[in-house]
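Structure file data_15.tsv (TSV, C-alpha atoms and all ligand atoms) follows.
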chain	number	residue	atom	x	y	z
A	3	MET	CA	93.11	-208.11	89.28
A	4	GLY	CA	92.19	-211.79	89.34
A	5	ARG	CA	94.04	-214.10	86.99
A	6	CYS	CA	92.96	-217.41	85.46
A	7	SER	CA	94.20	-220.22	87.69
A	8	ILE	CA	95.05	-222.27	84.56
A	9	CYS	CA	96.65	-219.84	82.10
A	10	GLY	CA	97.14	-216.54	83.97
A	11	ARG	CA	95.06	-214.39	81.63
A	12	PRO	CA	92.57	-211.91	83.17
A	13	ALA	CA	89.82	-213.80	84.99
A	14	ALA	CA	86.22	-213.53	83.81
A	15	PHE	CA	84.50	-215.78	86.34
A	16	ALA	CA	85.23	-216.99	89.87
A	17	ALA	CA	84.45	-220.72	89.71
A	18	GLU	CA	84.30	-222.81	92.92
A	19	ASP	CA	87.80	-224.13	92.25
A	20	GLY	CA	89.37	-220.78	91.31
A	21	PRO	CA	89.18	-217.83	88.90
A	22	LEU	CA	89.02	-218.66	85.17
A	23	CYS	CA	89.51	-216.68	81.95
A	24	ALA	CA	86.73	-216.61	79.34
A	25	LYS	CA	88.16	-219.58	77.42
A	26	HIS	CA	88.79	-221.80	80.44
A	27	PHE	CA	85.49	-220.80	82.04
A	28	THR	CA	83.69	-221.86	78.84
A	29	GLU	CA	85.42	-225.26	78.94
A	30	TRP	CA	84.69	-225.63	82.67
A	31	PHE	CA	81.00	-224.79	82.17
A	32	GLU	CA	80.57	-227.20	79.26
A	33	LYS	CA	82.32	-229.96	81.21
A	34	ARG	CA	79.87	-229.49	84.10
A	35	VAL	CA	76.89	-229.80	81.74
A	36	ARG	CA	78.39	-232.83	79.97
A	37	GLU	CA	78.94	-234.54	83.34
A	38	THR	CA	75.38	-233.76	84.41
A	39	ILE	CA	73.97	-235.24	81.18
A	40	LEU	CA	76.06	-238.38	81.65
A	41	LYS	CA	75.44	-238.77	85.38
A	42	TYR	CA	71.66	-238.61	85.04
A	43	ARG	CA	71.63	-240.39	81.64
A	44	MET	CA	69.72	-237.51	80.11
A	45	ALA	CA	70.40	-238.18	76.44
A	46	GLU	CA	71.88	-240.73	74.07
A	47	PRO	CA	72.91	-240.53	70.41
A	48	GLY	CA	69.93	-240.96	68.09
A	49	MET	CA	67.43	-239.52	70.53
A	50	ARG	CA	65.11	-236.67	69.63
A	51	LEU	CA	64.95	-233.89	72.22
A	52	CYS	CA	62.18	-231.32	72.40
A	53	VAL	CA	63.93	-228.26	73.85
A	54	GLY	CA	61.79	-225.69	75.64
A	55	PHE	CA	63.22	-222.50	74.19
A	56	SER	CA	61.77	-219.20	75.38
A	57	GLY	CA	64.56	-217.15	73.83
A	58	GLY	CA	65.53	-215.93	77.33
A	59	LYS	CA	68.99	-216.27	78.85
A	60	ASP	CA	68.78	-219.79	80.28
A	61	SER	CA	67.19	-221.52	77.32
A	62	THR	CA	69.48	-219.72	74.84
A	63	VAL	CA	72.49	-221.09	76.72
A	64	LEU	CA	70.81	-224.51	77.02
A	65	LEU	CA	70.13	-224.82	73.29
A	66	THR	CA	73.61	-223.59	72.36
A	67	VAL	CA	75.37	-225.99	74.72
A	68	LEU	CA	73.19	-228.97	73.71
A	69	ALA	CA	73.89	-228.29	70.02
A	70	LYS	CA	77.61	-228.29	70.83
A	71	LEU	CA	77.73	-231.25	73.24
A	72	LEU	CA	75.20	-233.55	71.55
A	73	PRO	CA	75.92	-233.47	67.79
A	74	GLU	CA	74.32	-236.91	67.34
A	75	THR	CA	71.09	-236.01	69.10
A	76	GLU	CA	68.24	-234.42	67.17
A	77	LEU	CA	67.13	-231.13	68.70
A	78	ILE	CA	63.79	-229.43	68.03
A	79	ALA	CA	63.38	-226.06	69.75
A	80	VAL	CA	59.87	-225.12	70.85
A	81	THR	CA	58.98	-221.54	71.75
A	82	VAL	CA	55.70	-220.89	73.50
A	83	ASP	CA	54.36	-217.40	72.80
A	84	GLU	CA	52.29	-216.53	75.87
A	85	GLY	CA	51.19	-213.19	74.47
A	86	ILE	CA	52.75	-210.81	77.01
A	87	SER	CA	52.74	-207.38	75.38
A	88	GLY	CA	55.97	-205.39	75.42
A	89	TYR	CA	58.03	-208.45	76.32
A	90	ARG	CA	57.44	-211.35	74.03
A	91	ASP	CA	57.95	-209.79	70.58
A	92	ASP	CA	61.62	-209.01	71.30
A	93	THR	CA	62.45	-212.38	72.76
A	94	ILE	CA	60.78	-214.24	69.88
A	95	ALA	CA	62.80	-212.28	67.33
A	96	GLU	CA	65.88	-213.12	69.39
A	97	ALA	CA	64.85	-216.79	69.54
A	98	LYS	CA	64.58	-216.92	65.74
A	99	ARG	CA	68.08	-215.50	65.33
A	100	THR	CA	69.53	-218.06	67.74
A	101	VAL	CA	67.99	-221.14	66.07
A	102	GLN	CA	69.06	-219.89	62.65
A	103	ALA	CA	72.64	-219.46	63.84
A	104	LEU	CA	72.62	-222.98	65.35
A	105	GLY	CA	70.76	-224.60	62.45
A	106	VAL	CA	68.18	-226.13	64.79
A	107	GLU	CA	64.57	-226.85	63.77
A	108	HIS	CA	62.18	-224.40	65.45
A	109	ARG	CA	58.46	-224.41	66.23
A	110	ILE	CA	56.51	-221.51	67.72
A	111	LEU	CA	53.26	-222.30	69.52
A	112	SER	CA	50.95	-219.67	71.01
A	113	PHE	CA	48.59	-219.53	73.97
A	114	PRO	CA	45.76	-218.36	71.65
A	115	GLY	CA	46.45	-221.35	69.39
A	116	PHE	CA	45.93	-223.59	72.42
A	117	CYS	CA	43.13	-221.92	74.40
A	118	GLY	CA	42.01	-218.90	72.34
A	119	LYS	CA	43.43	-216.27	74.71
A	120	THR	CA	46.76	-214.59	75.40
A	121	LEU	CA	48.24	-214.64	78.90
A	122	ASP	CA	47.44	-210.94	79.24
A	123	GLU	CA	43.76	-211.74	78.49
A	124	LEU	CA	43.70	-214.73	80.83
A	125	LEU	CA	45.08	-212.60	83.68
A	126	GLU	CA	42.87	-209.56	83.20
A	127	LYS	CA	41.01	-210.17	86.46
A	128	HIS	CA	43.71	-211.90	88.54
A	129	PRO	CA	47.21	-210.79	87.50
A	130	GLU	CA	48.63	-212.15	90.78
A	131	GLY	CA	48.27	-215.71	89.47
A	132	ALA	CA	50.52	-215.02	86.48
A	133	CYS	CA	53.43	-217.40	87.05
A	134	SER	CA	51.23	-220.32	88.06
A	135	VAL	CA	48.80	-219.97	85.13
A	136	CYS	CA	51.61	-219.33	82.69
A	137	GLY	CA	53.72	-222.22	84.00
A	138	THR	CA	50.85	-224.71	83.90
A	139	LEU	CA	49.81	-223.82	80.35
A	140	ARG	CA	53.38	-223.71	79.04
A	141	ARG	CA	53.98	-227.14	80.52
A	142	ARG	CA	50.90	-228.53	78.85
A	143	ILE	CA	51.69	-226.99	75.45
A	144	LEU	CA	55.27	-228.26	75.61
A	145	ASN	CA	54.09	-231.76	76.57
A	146	THR	CA	51.62	-231.89	73.70
A	147	ALA	CA	54.22	-230.60	71.24
A	148	ALA	CA	56.75	-233.17	72.41
A	149	ARG	CA	54.26	-236.02	72.04
A	150	GLU	CA	53.27	-234.85	68.55
A	151	MET	CA	56.89	-234.72	67.40
A	152	ASP	CA	57.53	-238.11	69.01
A	153	ALA	CA	60.33	-236.75	71.20
A	154	ASP	CA	62.21	-239.02	73.61
A	155	ARG	CA	62.78	-236.25	76.18
A	156	ILE	CA	61.78	-232.69	76.95
A	157	ALA	CA	64.77	-230.51	77.89
A	158	THR	CA	64.24	-227.31	79.89
A	159	GLY	CA	66.62	-224.57	80.99
A	160	HIS	CA	66.03	-224.92	84.73
A	161	CYS	CA	69.30	-224.36	86.55
A	162	LEU	CA	70.72	-225.16	89.97
A	163	ASP	CA	69.24	-222.00	91.52
A	164	ASP	CA	65.70	-223.01	90.47
A	165	GLU	CA	66.17	-226.44	92.02
A	166	ALA	CA	67.67	-225.16	95.29
A	167	GLN	CA	64.94	-222.51	95.56
A	168	SER	CA	62.20	-225.12	95.14
A	169	ILE	CA	63.78	-227.40	97.75
A	170	VAL	CA	64.06	-224.59	100.33
A	171	MET	CA	60.53	-223.39	99.56
A	172	ASN	CA	59.15	-226.87	100.21
A	173	TYR	CA	60.70	-226.75	103.68
A	174	LEU	CA	59.51	-223.20	104.35
A	175	ARG	CA	55.95	-224.26	103.48
A	176	GLY	CA	56.21	-227.47	105.51
A	177	ASP	CA	55.32	-229.40	102.37
A	178	ILE	CA	56.72	-232.77	103.42
A	179	THR	CA	54.96	-234.58	100.59
A	180	ARG	CA	57.15	-232.70	98.14
A	181	VAL	CA	60.25	-232.76	100.38
A	182	THR	CA	60.10	-236.55	100.40
A	183	GLY	CA	59.29	-236.80	96.68
A	184	GLN	CA	56.02	-238.62	97.33
A	185	PHE	CA	54.16	-236.68	94.69
A	186	ASN	CA	52.97	-237.87	91.26
A	187	SER	CA	54.14	-241.43	91.68
A	188	ASN	CA	52.98	-242.84	88.33
A	189	SER	CA	53.41	-239.67	86.26
A	190	ALA	CA	56.09	-241.41	84.20
A	191	ASP	CA	53.33	-243.43	82.52
A	192	PHE	CA	51.71	-240.31	81.15
A	193	PHE	CA	54.44	-237.79	80.41
A	194	ILE	CA	57.54	-237.71	78.24
A	195	PRO	CA	60.51	-237.61	80.66
A	196	ARG	CA	61.87	-234.15	81.38
A	197	ILE	CA	65.58	-233.42	81.62
A	198	LYS	CA	67.32	-230.34	83.01
A	199	PRO	CA	70.89	-230.36	81.71
A	200	LEU	CA	71.70	-227.08	83.54
A	201	CYS	CA	70.46	-228.39	86.90
A	202	ARG	CA	73.97	-228.51	88.36
A	203	SER	CA	75.03	-225.11	86.94
A	204	THR	CA	74.36	-221.88	88.85
A	205	GLU	CA	72.27	-219.16	87.23
A	206	ARG	CA	75.28	-216.89	87.56
A	207	SER	CA	77.46	-219.29	85.55
A	208	VAL	CA	74.72	-219.76	82.93
A	209	VAL	CA	74.42	-216.02	82.29
A	210	ALA	CA	78.21	-215.61	82.43
A	211	TYR	CA	78.52	-218.31	79.72
A	212	GLY	CA	76.00	-216.41	77.61
A	213	LEU	CA	77.94	-213.17	78.06
A	214	VAL	CA	81.47	-214.40	77.37
A	215	ASN	CA	80.24	-216.30	74.32
A	216	LYS	CA	78.27	-213.27	73.09
A	217	LEU	CA	74.98	-215.17	73.01
A	218	LEU	CA	72.87	-212.66	74.90
A	219	ARG	CA	71.56	-209.24	74.01
A	220	PRO	CA	69.89	-207.02	76.60
A	221	LEU	CA	66.26	-208.06	76.76
A	222	HIS	CA	63.17	-206.90	78.56
A	223	GLU	CA	62.28	-208.92	81.62
A	224	CYS	CA	58.90	-210.54	82.05
A	225	PRO	CA	56.65	-207.79	83.49
A	226	TYR	CA	54.66	-210.09	85.77
A	227	THR	CA	55.97	-210.07	89.33
A	228	LYS	CA	57.50	-213.24	90.64
A	229	TYR	CA	55.79	-215.15	93.40
A	230	ALA	CA	56.89	-213.32	96.56
A	231	LEU	CA	58.25	-216.31	98.50
A	232	ARG	CA	60.44	-217.44	95.61
A	233	ARG	CA	61.76	-213.91	95.20
A	234	ASP	CA	62.78	-213.72	98.87
A	235	VAL	CA	64.30	-217.21	98.84
A	236	ARG	CA	66.17	-216.35	95.65
A	237	THR	CA	67.70	-213.22	97.17
A	238	TRP	CA	68.68	-215.02	100.36
A	239	LEU	CA	70.14	-218.07	98.60
A	240	GLY	CA	72.01	-215.75	96.22
A	241	GLU	CA	73.68	-214.07	99.19
A	242	GLN	CA	74.62	-217.47	100.65
A	243	GLU	CA	76.07	-218.67	97.35
A	244	TYR	CA	78.05	-215.46	96.94
A	245	GLU	CA	79.56	-215.65	100.44
A	246	HIS	CA	79.88	-219.45	100.49
A	247	PRO	CA	80.28	-220.77	96.93
A	248	GLY	CA	78.90	-224.28	96.55
A	249	THR	CA	75.90	-223.77	98.86
A	250	LEU	CA	73.36	-224.27	96.07
A	251	LEU	CA	75.05	-227.48	94.96
A	252	LYS	CA	75.03	-228.79	98.54
A	253	ILE	CA	71.29	-228.10	98.85
A	254	ALA	CA	70.51	-229.94	95.59
A	255	GLU	CA	72.83	-232.88	96.28
A	256	GLY	CA	71.64	-233.10	99.89
A	257	GLN	CA	68.07	-233.41	98.64
A	258	GLU	CA	69.16	-236.09	96.15
A	259	GLU	CA	70.81	-238.03	98.98
A	260	LEU	CA	67.73	-237.65	101.18
A	261	LEU	CA	65.51	-239.05	98.42
A	262	SER	CA	67.81	-241.98	97.75
A	263	ARG	CA	67.86	-242.90	101.46
A	264	ILE	CA	64.07	-242.69	101.70
A	265	GLN	CA	63.86	-244.77	98.52
A	266	GLU	CA	65.96	-247.55	100.05
A	267	LYS	CA	63.62	-247.66	103.01
A	268	LYS	CA	60.47	-247.39	100.91
A	269	GLU	CA	61.42	-250.18	98.55
A	270	PRO	CA	60.39	-253.48	100.11
A	271	LYS	CA	63.26	-255.93	100.48
A	272	MET	CA	61.20	-258.42	98.50
A	273	LEU	CA	57.99	-258.22	96.60
A	274	LEU	CA	55.19	-259.86	98.53
A	275	HIS	CA	52.38	-261.82	96.90
A	276	PRO	CA	49.82	-264.36	98.14
A	277	CYS	CA	51.03	-267.80	99.12
A	278	GLU	CA	49.80	-270.46	96.63
A	279	ILE	CA	48.33	-272.52	99.40
A	280	CYS	CA	46.92	-270.24	102.09
A	281	GLY	CA	46.90	-266.83	100.47
A	282	GLU	CA	48.90	-265.07	103.18
A	283	PRO	CA	51.57	-262.67	101.92
A	284	THR	CA	54.97	-264.18	101.26
A	285	GLY	CA	58.12	-263.49	99.28
A	286	ASN	CA	58.27	-267.06	98.01
A	287	ARG	CA	55.80	-269.30	96.17
A	288	ILE	CA	54.73	-270.88	99.41
A	289	CYS	CA	54.91	-269.20	102.81
A	290	ALA	CA	57.16	-270.40	105.58
A	291	ALA	CA	54.21	-271.74	107.59
A	292	CYS	CA	52.80	-273.77	104.69
A	293	GLU	CA	56.23	-274.98	103.70
A	294	LYS	CA	56.86	-276.25	107.20
A	295	LEU	CA	53.40	-277.81	107.45
A	296	ASN	CA	53.84	-279.48	104.05
A	297	LYS	CA	57.16	-280.88	105.05
A	298	ILE	CA	55.76	-282.22	108.27
A	299	LEU	CA	52.58	-283.69	106.75
A	300	ASN	CA	54.42	-285.37	103.83
A	301	GLU	CA	57.01	-287.00	106.00
B	27	MET	CA	83.62	-191.70	89.62
B	28	ILE	CA	82.52	-194.65	87.52
B	29	THR	CA	79.37	-194.90	85.40
B	30	ALA	CA	77.14	-197.97	85.72
B	31	VAL	CA	74.82	-198.68	82.77
B	32	PHE	CA	71.74	-200.83	83.44
B	33	THR	CA	70.08	-203.19	80.93
B	34	ASP	CA	67.29	-200.66	80.29
B	35	GLY	CA	69.86	-198.01	79.36
B	36	SER	CA	69.59	-195.94	82.53
B	37	THR	CA	72.84	-194.94	84.25
B	38	LYS	CA	74.10	-194.20	87.76
B	39	GLU	CA	77.41	-192.78	88.97
B	40	THR	CA	79.28	-194.00	92.02
B	41	GLU	CA	82.73	-193.98	93.68
B	42	ALA	CA	85.47	-196.10	92.09
B	43	GLY	CA	86.42	-199.35	93.84
B	44	THR	CA	86.14	-203.07	93.22
B	45	VAL	CA	83.25	-204.50	91.22
B	46	GLU	CA	81.78	-205.81	94.47
B	47	SER	CA	82.03	-202.48	96.34
B	48	VAL	CA	80.48	-200.64	93.39
B	49	LEU	CA	77.53	-203.04	93.32
B	50	ARG	CA	77.04	-202.77	97.08
B	51	SER	CA	77.21	-198.97	96.95
B	52	LEU	CA	74.42	-199.10	94.34
B	53	GLY	CA	72.38	-201.23	96.73
B	54	LEU	CA	72.56	-204.33	94.52
B	55	ASN	CA	73.01	-207.99	95.48
B	56	PRO	CA	76.44	-208.89	94.01
B	57	TYR	CA	75.38	-212.49	93.32
B	58	GLU	CA	72.56	-211.32	91.06
B	59	ILE	CA	74.55	-208.91	88.87
B	60	LEU	CA	77.32	-209.63	86.37
B	61	VAL	CA	79.50	-206.69	85.32
B	62	THR	CA	81.20	-206.18	81.96
B	63	ARG	CA	83.61	-203.48	80.77
B	64	TRP	CA	84.41	-203.10	77.04
B	65	ASP	CA	82.50	-206.36	76.53
B	66	GLU	CA	84.77	-208.26	78.95
B	67	LEU	CA	83.21	-210.02	81.91
B	68	LEU	CA	84.81	-208.98	85.22
B	69	THR	CA	85.20	-210.85	88.52
B	70	ALA	CA	84.03	-209.29	91.79
B	71	ASP	CA	87.55	-208.37	92.94
B	72	GLU	CA	88.39	-206.41	89.76
B	73	GLU	CA	89.40	-202.79	90.53
B	74	LEU	CA	87.47	-200.18	88.57
B	75	SER	CA	89.21	-196.85	87.94
B	76	ASP	CA	87.89	-193.32	87.76
B	77	GLY	CA	86.22	-192.70	84.41
B	78	ASP	CA	85.33	-196.39	83.77
B	79	THR	CA	81.95	-197.21	82.29
B	80	VAL	CA	80.56	-200.65	83.13
B	81	GLN	CA	77.47	-202.59	82.03
B	82	LEU	CA	75.37	-204.32	84.68
B	83	VAL	CA	73.56	-207.52	83.67
B	84	SER	CA	71.01	-209.03	86.04
B	85	ILE	CA	71.12	-212.82	86.15
B	86	VAL	CA	67.51	-213.03	87.35
B	87	HIS	CA	65.45	-214.61	84.63
B	88	GLY	CA	62.27	-213.46	83.11
B	89	GLY	CA	61.40	-216.29	80.78
C	1	ZN	ZN	92.62	-219.44	81.28
C	2	ZN	ZN	50.74	-270.13	102.95

For this file, write the structure as C-alpha cells.
Ligand SMILES: [Zn+2]
Ligand SMILES: [Zn+2]
Amino acid sequence: MGRCSICGRPAAFAAEDGPLCAKHFTEWFEKRVRETILKYRMAEPGMRLCVGFSGGKDSTVLLTVLAKLLPETELIAVTVDEGISGYRDDTIAEAKRTVQALGVEHRILSFPGFCGKTLDELLEKHPEGACSVCGTLRRRILNTAAREMDADRIATGHCLDDEAQSIVMNYLRGDITRVTGQFNSNSADFFIPRIKPLCRSTERSVVAYGLVNKLLRPLHECPYTKYALRRDVRTWLGEQEYEHPGTLLKIAEGQEELLSRIQEKKEPKMLLHPCEICGEPTGNRICAACEKLNKILNE
Amino acid sequence: MITAVFTDGSTKETEAGTVESVLRSLGLNPYEILVTRWDELLTADEELSDGDTVQLVSIVHGG
C-alpha cells in the first residue's frame, strides 16, 4: 500500500511529487490554488467576487477553497438554474446546503427569468446544440449578475483539464486565431474580468479534494451529451496524464509561454505617431529626417 | 471477488487486484475514476482483497 511521503500514513492521492495522505493532500491542493491566485493576481483583500456556483463538483470545491483562502474577500455565489429536468433540482438543493454551511451569500437565477424558457424548452428541436446554447446563456446571465452586484471579478470552477482540452482542441481544429490568442482583443472594456483559481489543478485532484473533505454527495450528471471532440480529447488527455503525470500542466504552461513570446513580438518596441513637422510615423516628436533637416537648415 | 458500486447505485463484481487493475478489468479509464473504500480515498496501487466493496466516483463533470 502507498504511504504518504511526508508522514507515512496511508496515501489517499498520488500527487506529482509523491503520494500524500488526506491531510497532506488537502494542504498540497490548497497551496497550489493559493499560488495560482497569487501568480495571476486573481484577488485582493476587499474585493467582491461573483462565484459561478452550479452546485456540481468543481464549483463546490472552488467556493469552499475560496472561502478558506480568501477570508478578507467578499464572495457572492451565483447559481444559474438552466431548467434541466431530473438533474437540476438535486444539484440546487445541494448548492443551498453548501452555501449555508460556508455562510456565503447566494443568488439563484433561472433561464426562464432571463429569456422565458428553460434549457429543455430551448433545445426541443436541436438537442445537439446543448452545451453551446447553455454555455452562452449561462455566461451572459453570470455577467449581468456580476455587473448588477458590482463585482470586481467573476470566479469560475474551470480546472486544468478544461484549459488543456481547449488548447488541444484549438490545434485539432486548426484554429490559429485562438491558438495565438488573437481573439476578442478589447473584450476587457466590456466584461468584468474572469478568474479561474483551479486552472492549475487537475480535475482528478479537484474531485479528490471534494471526497477527502466530504464535500461531495453522489449527484446525477448532466443528461446532455458532451460535444464529441471534447469528449475524445478528454479521454485521450486523461490517459496521458495518468501515464505521465504533469502532462496537462505542461500543455497549459506551454501555451502561456507561446502567448507571452508572441506578445513580445506583437508589441511594438515604441509607439509610433505622426511627426509634428511632416506627419510621417516616428517614435519621437520629430522624425529623424526632419530633425536632421532642421539641424542642417538652422546651422 | 470485489464489488464495485457506481454513483447511480448499480454494482459489478470483478477479480481482486490493485485499484488500477480492477478499473481496467471493468473497462474504465483509471484517470477518470476515483475509488473509495469505507469512505477513504485510495491510490491506484492500493491492493483490494476478496470481499472488499468499493465506491467508484467519476471525475468527469456535468455542471
Ligand atoms: Zn501525510
Ligand atoms: Zn517628420

Using all atoms listed in the file, which protein or nucleic acid residues come within 8 Å of stretch 68-79 of chain B? Drop anything in the same chain fewer than 3 positions from it, and give the result as a PyMOL selection string. (chain A and resi 3-4+13-16) or (chain B and resi 27-31+41-46+56+60-63)

Enumerate as a PyMOL selection string the residues within 9 Å of ligand ZN 1 (chain C), counting all atoms listed in the file. chain A and resi 5-13+21-27

Surroundings of ligand ZN 2 (chain C) up to 7 Å, based on only C-alpha atoms and all ligand atoms, as a PyMOL selection string: chain A and resi 277-282+288-292

Return as lines of an AutoDock Vina configuration file the box centre and box size in Å, one decimal, for an axis-aligned box around all listed atoms of stretch 59-74 of chain A padded by 8 Å per side.
center_x = 72.5
center_y = -226.6
center_z = 73.8
size_x = 26.5
size_y = 36.6
size_z = 28.9

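Here atom CA of A:Ala166 stands at a distance of 18.8 Å from atom CA of B:Ile59.
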
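Taking only C-alpha atoms into account, chain A lies nearest to B:Leu67 out of the set B:Leu54, B:Leu67, B:Val48, B:Val80.
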
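Counting all atoms listed in the file and comparing A:Asn145, A:Thr284, A:Ser203, A:Thr100, the residue that lies closest to A:Ala254 is A:Ser203.
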
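Closest approach to B:Val86 among A:Cys161, A:Ile169, A:Leu72, A:Leu261: A:Cys161, based on all atoms listed in the file.
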
The residue from A:Thr62, A:Thr138, A:Thr158, A:Asn215 with the smallest atom-to-atom distance to B:Glu66, counting all atoms listed in the file, is A:Asn215

Could you check which of A:Leu68, A:Ala45, A:Val82, A:Val101 is closest to A:Ala153, using all atoms listed in the file?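 Ranked by minimum distance to A:Ala153, first place goes to A:Ala45.
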
Would you kindly return, as a ChimeraX atom specification, each protein, DNA or RNA residue with an atom no farther than 12 Å from any atom of A:Leu250, considering all atoms listed in the file and excluding same-chain residues fewer than 2 positions away? /A:18,161-170,201-206,235-236,238-248,252-257

Could you please determine the separation between atom CA of A:Thr237 and atom CA of A:Asn172 in Å, to one decimal place?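 We find that atom CA of A:Thr237 and atom CA of A:Asn172 lie 16.4 Å from each other.
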
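Atom pair atom CA of A:Thr120 / atom CA of A:Ile86: separated by 7.3 Å.
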
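Nearest-residue note for chain B: choosing from A:Trp30, A:Phe193, A:Tyr211, A:Phe113, the minimum distance belongs to A:Tyr211, counting only C-alpha atoms.
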
Can you tell me which residues surround A:Ser112 at a distance of at most 8 Å, considering only C-alpha atoms, apart from same-chain residues fewer than 2 positions away, and format the answer as a PyMOL selection string? chain A and resi 82-85+110+114-116+120
